[in-house]
Amino acid sequence: MDWIPQIFRRRKFYEDLSEEIRLHIEEHTEQLMRDGMSAEEATRAARRGFGNRMLLEERSREVWQWPALESIWADVRFALRQLRKSPGFTITAVLTLTLAIGANAVVFGVLNALILRPLNVPQAESLFIVQHGSDVGSHSYPDYFDLRQHNRSFDDLAVFAISQSGLDTGKDPSNVWQYETSGNYFDVLRVQPYLGRFFHTSDEHGPNSAPYVVLSYAYWHSHFQDDRGVVGRVVRLNKHPITILGVAPPGFQGTVLFFASDIFVPIVNHEQLSGENILNARGDHWMFEMVGHLKPGVTPAQATADLNSVDSYLKKSYPKEEGNEPYTLARPGLHGDSLGRPTRAFLAGLMLLSGLILLAACANLGSLFAARAADRSREVALRLALGSSRNRILRQLFTESVLLSLAGGVAGLTASILLLRRLSVWRPVPQFPVHVPVSLDANVYLLALVLALVSGVLFGIVPVRQILRANPYEIVKAGSTGAFGRRITVRDVLLVVQIAICVVLVTSSMVAVRGLMRSMHSNFGFEPRNAMLVDTDLKAAGYSGERIPAMQRRMIDAIQAIPGVDSVGSVNYPPLEIPGSWQSLVYTDASGDLSPSNAAADPSMYNISPDYFRASGTSLLAGRAFSWHDDTNAPRVAVVNREFASKILGSIPDAVGRYFKLRDGTRVRVVGLVEDGKYANLTEDQQPAMFFPLLQSPASWIWLVVRSSRDPQQLAVAMRSVLRDIDPGMVLAIRPWRTELAGTLFPSRMATVSLGVLGMMGAMLSITGIFGMAAYSVSKRLKELGIRVALGAQRKEVLQAALGRAFKLLAIGSAVGLVLGILASRVLASIVYQATPRDPVVLVGVVLAMAALGLLATWIPAQRALSVNPLILLHED
Amino acid sequence: MPVVNKAMTETNSRDLFPGALEMMILESLRREPAHGYTLVQHIQQRSNSLLQVEEGSLYPALQRLLKAKLVKAEWELSSTNRRVRTYQITAAGLRRLEQQISSFERMFEGISLVLNPGRATTS
């Protein structure tokens, strides 16, 4: 191994070599002079005889080099020098790439975290979620029991529901989100505790037998300050004593990627904790997810068939309670197909768009590069003439482009890391522990690197043909301006492609923004402005039975008495509050068969106080609202919306006075008709909804709706103090209704923001693209323009000559892009609510935007063209 | 269309065939140590100027030989009192030369056998 001393000896070798060659030529010259040549002739002849000295010296040196490495290093240094010479170009290129690669890294980071990466539990690949049709949460606890017992495909099945409780650790009771899980939950997921122990099936001995809680690592960290002594401590959950068993490992959040629960409690204690006795109700499908590992060798298809054979037996045994839809399996993480499918579609769409961004950026840089190469054609020609090989020149150009793209890649990756970090700690919906769990891994870095290299090669390849065809003699003779012709060049095509892509992006984002605007201004069926919501859970505060409605009435009356409050109503769960509305099957009055398959509809259901419609701003179209006299002694009554009236009652004008039936057969008389609205989410088709008087169907969990034009903050303080006067132990959350809606609007907001950002990037790229093209063509033709001005051309003619081509290309690109954008927006319409591509506002908007971008981008070149001073120009060379 | 000497850039007369120049250098040095200029003169004279070796192309070949330790170089003063870098063949160089000559002779013989009948018919 003598390569180490070689490095140090190398300089000596090189010096010796140069000296030797110098002496060689000298000796030859002297020889020739002795033969009778003049000094000048002899020198020239000796040099000619020797050949290309620089090239030969370089080749001789190459013998001593690691061939690739060192000449690459030389290329890199050369490229850096070149780039430093044109900082404007360098900055534009790096910035463009930073944006494009950064956008791709961010989107891929999210895609990777949510879809590609397996869950953070052992053997996640065999883990599946059992869903009914495409609905994940449609299991009752008894269903789970039967499926678990009778299926032969799963190692074991676990189930859990999500709910909220008041946790009292001795000071400051607070709301926590809890997973109520089957006893085997942790065993099914094969996780080990971080501290203490988990509960197991063996801890369950019938209802309310397991007063245990396991804390999530994050909750333990934030609320118990990492105190290892918590194991065995007794805390109060909804006022019931419960023992802390252990702490789950850090990062564990079960099978739902975007939701982080605070605590885990056994579901067998549901009655004790919530006061509801629904554990044995087969018709109550309140489980959030059912999950298990497939046995080794069992395929998902076999497991599905197996589950459905159990289901057919269940359907036979319990025809009233079981739904029609067959069982299917879904991958865990995104809560089954209902959420997973749109999320996947959306992310795939975003990935496609950001890929387009990168492509547009490459086209952009490619044309800039080609322009640069054309500017440097003289230099290239000289080097070719002096004996540099074409390969070598191409290698240098590629070094330049790859250097740029790597710089852009690194910057883009850095930016995306910062952004994704922010994203992963972001709580988009304040009242829910929802977050986007993105952490970067090797996949993301690799993608950024590959994208950087690929784009470097892509835009570096553009000028290759130009250089391969370069004819040194011609170029040196004619000067660089000779090459600028009128025919369509690669650059023109690239510019059109790039503008078309950008227009697609701009169109898409405009379509999305319009869609969001429309859905924000659509009729919700209530008026969120000037309304406050108070979220209370009386059971968590220790109330039960008769005391609940009485307490609710006291609360309503107390808030009504606050000055400035117009009206106060209550509702068990406000419309458009995530995760969705409560629903219940209803039957037409005539139907006798009350099995689920015979139901007329599954309308949203609300239990409200008499003043709710006034407080929420829902207009009553016919009949009456409720009064406090609609209690258990009065006949059952309901108010329905228009959709309900036409769908179930068969008539809107005659709806009032008609009857329908509930699942238990109770006949309910319709006393009022209200306007339609949005209930579970903004994108739903018009849904039927029914409202029942609070006193006839009590709920412990109520939200007060307070209408007042007072300042929300002052009002909140006033409300808190009156409610604390009634019961100081109550857990309260007071928020303006508009804030509360943020959660519901989150998906479309998110979609709009991301599409908006991509659209902006598209717009920026087209500005730089057009600017580059226009500036280049102006600088190329400055002399010609000067002559035109000197010959008396008008401003308009000068502009026409300088920028006509840029505008023509812009127009072609925009037209192509608009057509493509309209086609692409169809895909978009399936993701973003109320997004329609044939919206005239969008079309006009895109055209105006592109025209504005064109003007903006050509402004500086146009100024330059107009300020041409023919005298100065013609003085030059 | 002006004529541009494209050949100048890539396919210059660096090598007759791979290794030929090295072989001739080694053979010259076996007779006596020499510096670059005399080596070129020597090769051209010995070949009766049939082989036009571009002078400069000697140097990459010399560097290759140096690197492979088949020759060694030293600065000294020549008989004409000129500072020259004289190359000398090494033991390894001698061995390599013998190998190359024998393999070249075999190759040449092979080529002649193939070419001779053809030449007989065409000429």
# chains A, B, ... in the order shown; residues from 1 in each chain; ligands from 1
$ interface_residues --of "chain A" --to "chain B" --cutoff "10 Å" --atoms "only C-alpha atoms" --output "PyMOL selection string"
chain A and resi 6+13+16-17+19-21+23-28+46-64+384-391+471-474
$ residues_around --residues "stretch 106-121 of chain A" --least-positions-apart "6" --cutoff "6 Å" --atoms "only C-alpha atoms" --output "VMD selection string"
chain A and resid 416 438 444
$ write_last_selection --atoms "C-alpha atoms" --output "PDB file, in the first residue's frame"
ATOM      1  CA  SER A 416     -38.777  20.007   4.920  1.00  0.00           C
ATOM      2  CA  VAL A 438     -44.349  12.486  11.020  1.00  0.00           C
ATOM      3  CA  VAL A 444     -37.216  10.438   3.103  1.00  0.00           C
TER       4      VAL A 444
END
$ residues_around --residues "A:Ser317" --least-positions-apart "6" --cutoff "12 Å" --atoms "only C-alpha atoms" --output "MDAnalysis selection string"
chainID A and resid 143 146 282 310:311
$ select_by_dssp --residues "stretch 14-108 of chain B" --states "helix (DSSP H, G or I)" --output "JSON, numbers by chain"
{"B": [20, 21, 22, 23, 24, 25, 26, 27, 28, 29, 30, 31, 36, 37, 38, 39, 40, 41, 42, 43, 44, 45, 46, 55, 56, 57, 58, 59, 60, 61, 62, 63, 64, 65, 66, 67, 91, 92, 93, 94, 95, 96, 97, 98, 99, 100, 101, 102, 103, 104, 105, 106, 107, 108]}
$ residues_around --residues "stretch 563-570 of chain A" --least-positions-apart "4" --cutoff "9 Å" --atoms "only C-alpha atoms" --output "PDB file with C-alpha atoms, in the first residue's frame"
ATOM      1  CA  GLN A 552     -79.121  20.997  33.142  1.00  0.00           C
ATOM      2  CA  ILE A 556     -79.493  26.960  31.337  1.00  0.00           C
ATOM      3  CA  ASP A 557     -81.429  29.302  33.599  1.00  0.00           C
ATOM      4  CA  ILE A 559     -76.610  31.471  31.964  1.00  0.00           C
ATOM      5  CA  PRO A 574     -73.676  19.768  18.432  1.00  0.00           C
ATOM      6  CA  ASN A 607     -81.653  15.786  22.239  1.00  0.00           C
ATOM      7  CA  ILE A 608     -82.300  19.440  22.778  1.00  0.00           C
ATOM      8  CA  SER A 609     -83.709  21.911  25.256  1.00  0.00           C
ATOM      9  CA  PRO A 610     -86.702  24.103  24.280  1.00  0.00           C
ATOM     10  CA  ASP A 611     -84.649  27.142  23.307  1.00  0.00           C
ATOM     11  CA  TYR A 612     -82.053  25.299  21.260  1.00  0.00           C
ATOM     12  CA  PHE A 613     -83.361  26.365  17.848  1.00  0.00           C
ATOM     13  CA  ARG A 614     -83.286  30.007  18.815  1.00  0.00           C
ATOM     14  CA  ALA A 615     -79.858  29.743  20.383  1.00  0.00           C
ATOM     15  CA  SER A 616     -78.346  27.847  17.474  1.00  0.00           C
ATOM     16  CA  LEU A 694     -84.278  16.788  26.392  1.00  0.00           C
ATOM     17  CA  ILE A 702     -74.700  18.107  27.002  1.00  0.00           C
ATOM     18  CA  TRP A 703     -73.403  21.150  25.275  1.00  0.00           C
ATOM     19  CA  LEU A 704     -74.896  24.519  26.026  1.00  0.00           C
ATOM     20  CA  VAL A 705     -75.365  26.802  23.045  1.00  0.00           C
ATOM     21  CA  VAL A 706     -75.302  30.433  24.116  1.00  0.00           C
ATOM     22  CA  ARG A 707     -76.261  33.169  21.674  1.00  0.00           C
ATOM     23  CA  SER A 708     -74.982  36.579  22.567  1.00  0.00           C
ATOM     24  CA  SER A 709     -73.351  39.463  20.802  1.00  0.00           C
ATOM     25  CA  ARG A 710     -71.074  40.107  23.789  1.00  0.00           C
ATOM     26  CA  LEU A 715     -68.826  36.084  28.181  1.00  0.00           C
TER      27      LEU A 715
END
$ atom_distance --atom1 "atom CA of A:Leu662" --atom2 "atom CA of A:Ala599"
9.3 Å
$ residues_around --residues "stretch 169-173 of chain A" --least-positions-apart "6" --cutoff "10 Å" --atoms "only C-alpha atoms" --output "ChimeraX atom specification"
/A:223-224,233-239,729-731
$ select_by_dssp --residues "stretch 230-438 of chain A" --states "strand (DSSP E or B)" --output "PyMOL selection string"
chain A and resi 234-237+240-247+256+259+263-266+289-294+327-330+333+434
$ residues_around --residues "A:Arg864" --least-positions-apart "4" --cutoff "9 Å" --atoms "only C-alpha atoms" --output "PyMOL selection string"
chain A and resi 775+778-779+782+859-860+868
$ write_last_selection --atoms "N, CA and C atoms" --output "compact mmCIF listing (two decimals), in the first residue's frame"
# COMPACT_ATOMS: atom_id res chain seq x y z
N ALA A 775 -35.68 37.61 -20.17
CA ALA A 775 -34.43 38.31 -19.92
C ALA A 775 -33.37 37.84 -20.90
N VAL A 778 -34.04 39.20 -24.40
CA VAL A 778 -33.72 40.62 -24.50
C VAL A 778 -32.21 40.82 -24.55
N SER A 779 -31.48 40.11 -23.67
CA SER A 779 -30.04 40.34 -23.64
C SER A 779 -29.39 39.86 -24.93
N LEU A 782 -30.12 42.57 -27.66
CA LEU A 782 -29.96 43.95 -27.26
C LEU A 782 -29.44 44.80 -28.42
N TRP A 859 -41.63 42.29 -16.80
CA TRP A 859 -41.52 43.71 -16.52
C TRP A 859 -40.08 44.20 -16.62
N ILE A 860 -39.19 43.51 -15.90
CA ILE A 860 -37.80 43.96 -15.86
C ILE A 860 -37.15 43.84 -17.25
N VAL A 868 -32.95 50.73 -23.96
CA VAL A 868 -31.78 50.50 -24.80
C VAL A 868 -31.28 51.83 -25.36
$ closest_residue --among "B:Leu113, B:Leu26, B:Leu21, B:Ala34" --to "B:Lys69" --atoms "only C-alpha atoms"
B:Leu26
$ atom_distance --atom1 "atom CA of A:Val454" --atom2 "atom CA of A:Ser814"
26.5 Å
$ atom_distance --atom1 "atom CA of A:Ser182" --atom2 "atom CA of A:Ser309"
23.1 Å
$ residues_around --residues "A:Asp630" --least-positions-apart "4" --cutoff "12 Å" --atoms "only C-alpha atoms" --output "list in words"
Ile608, Ser609, Pro610, Arg624, Ala625, Phe626, Ala634, Pro635, Arg636, Val637, Ala638, Val639, Arg669, Val671, Phe692, Pro693, Leu694, Leu695, Gln696, Ser697 and Pro698 of chain A
$ write_last_selection --atoms "C-alpha atoms" --output "tab-separated table (two decimals), in the first residue's frame"
chain	number	residue	atom	x	y	z
A	608	ILE	CA	-82.30	19.44	22.78
A	609	SER	CA	-83.71	21.91	25.26
A	610	PRO	CA	-86.70	24.10	24.28
A	624	ARG	CA	-93.66	24.49	17.10
A	625	ALA	CA	-90.42	24.04	19.02
A	626	PHE	CA	-90.38	22.19	22.35
A	634	ALA	CA	-96.36	14.02	27.77
A	635	PRO	CA	-96.69	12.10	24.48
A	636	ARG	CA	-93.41	11.51	22.59
A	637	VAL	CA	-92.77	14.33	20.13
A	638	ALA	CA	-90.06	15.29	17.68
A	639	VAL	CA	-89.01	18.10	15.36
A	669	ARG	CA	-95.48	12.62	16.67
A	671	VAL	CA	-94.66	18.72	16.00
A	692	PHE	CA	-86.12	15.16	20.61
A	693	PRO	CA	-86.96	17.10	23.76
A	694	LEU	CA	-84.28	16.79	26.39
A	695	LEU	CA	-86.72	15.69	29.10
A	696	GLN	CA	-88.05	12.79	27.03
A	697	SER	CA	-84.67	11.38	26.11
A	698	PRO	CA	-82.14	12.54	28.66
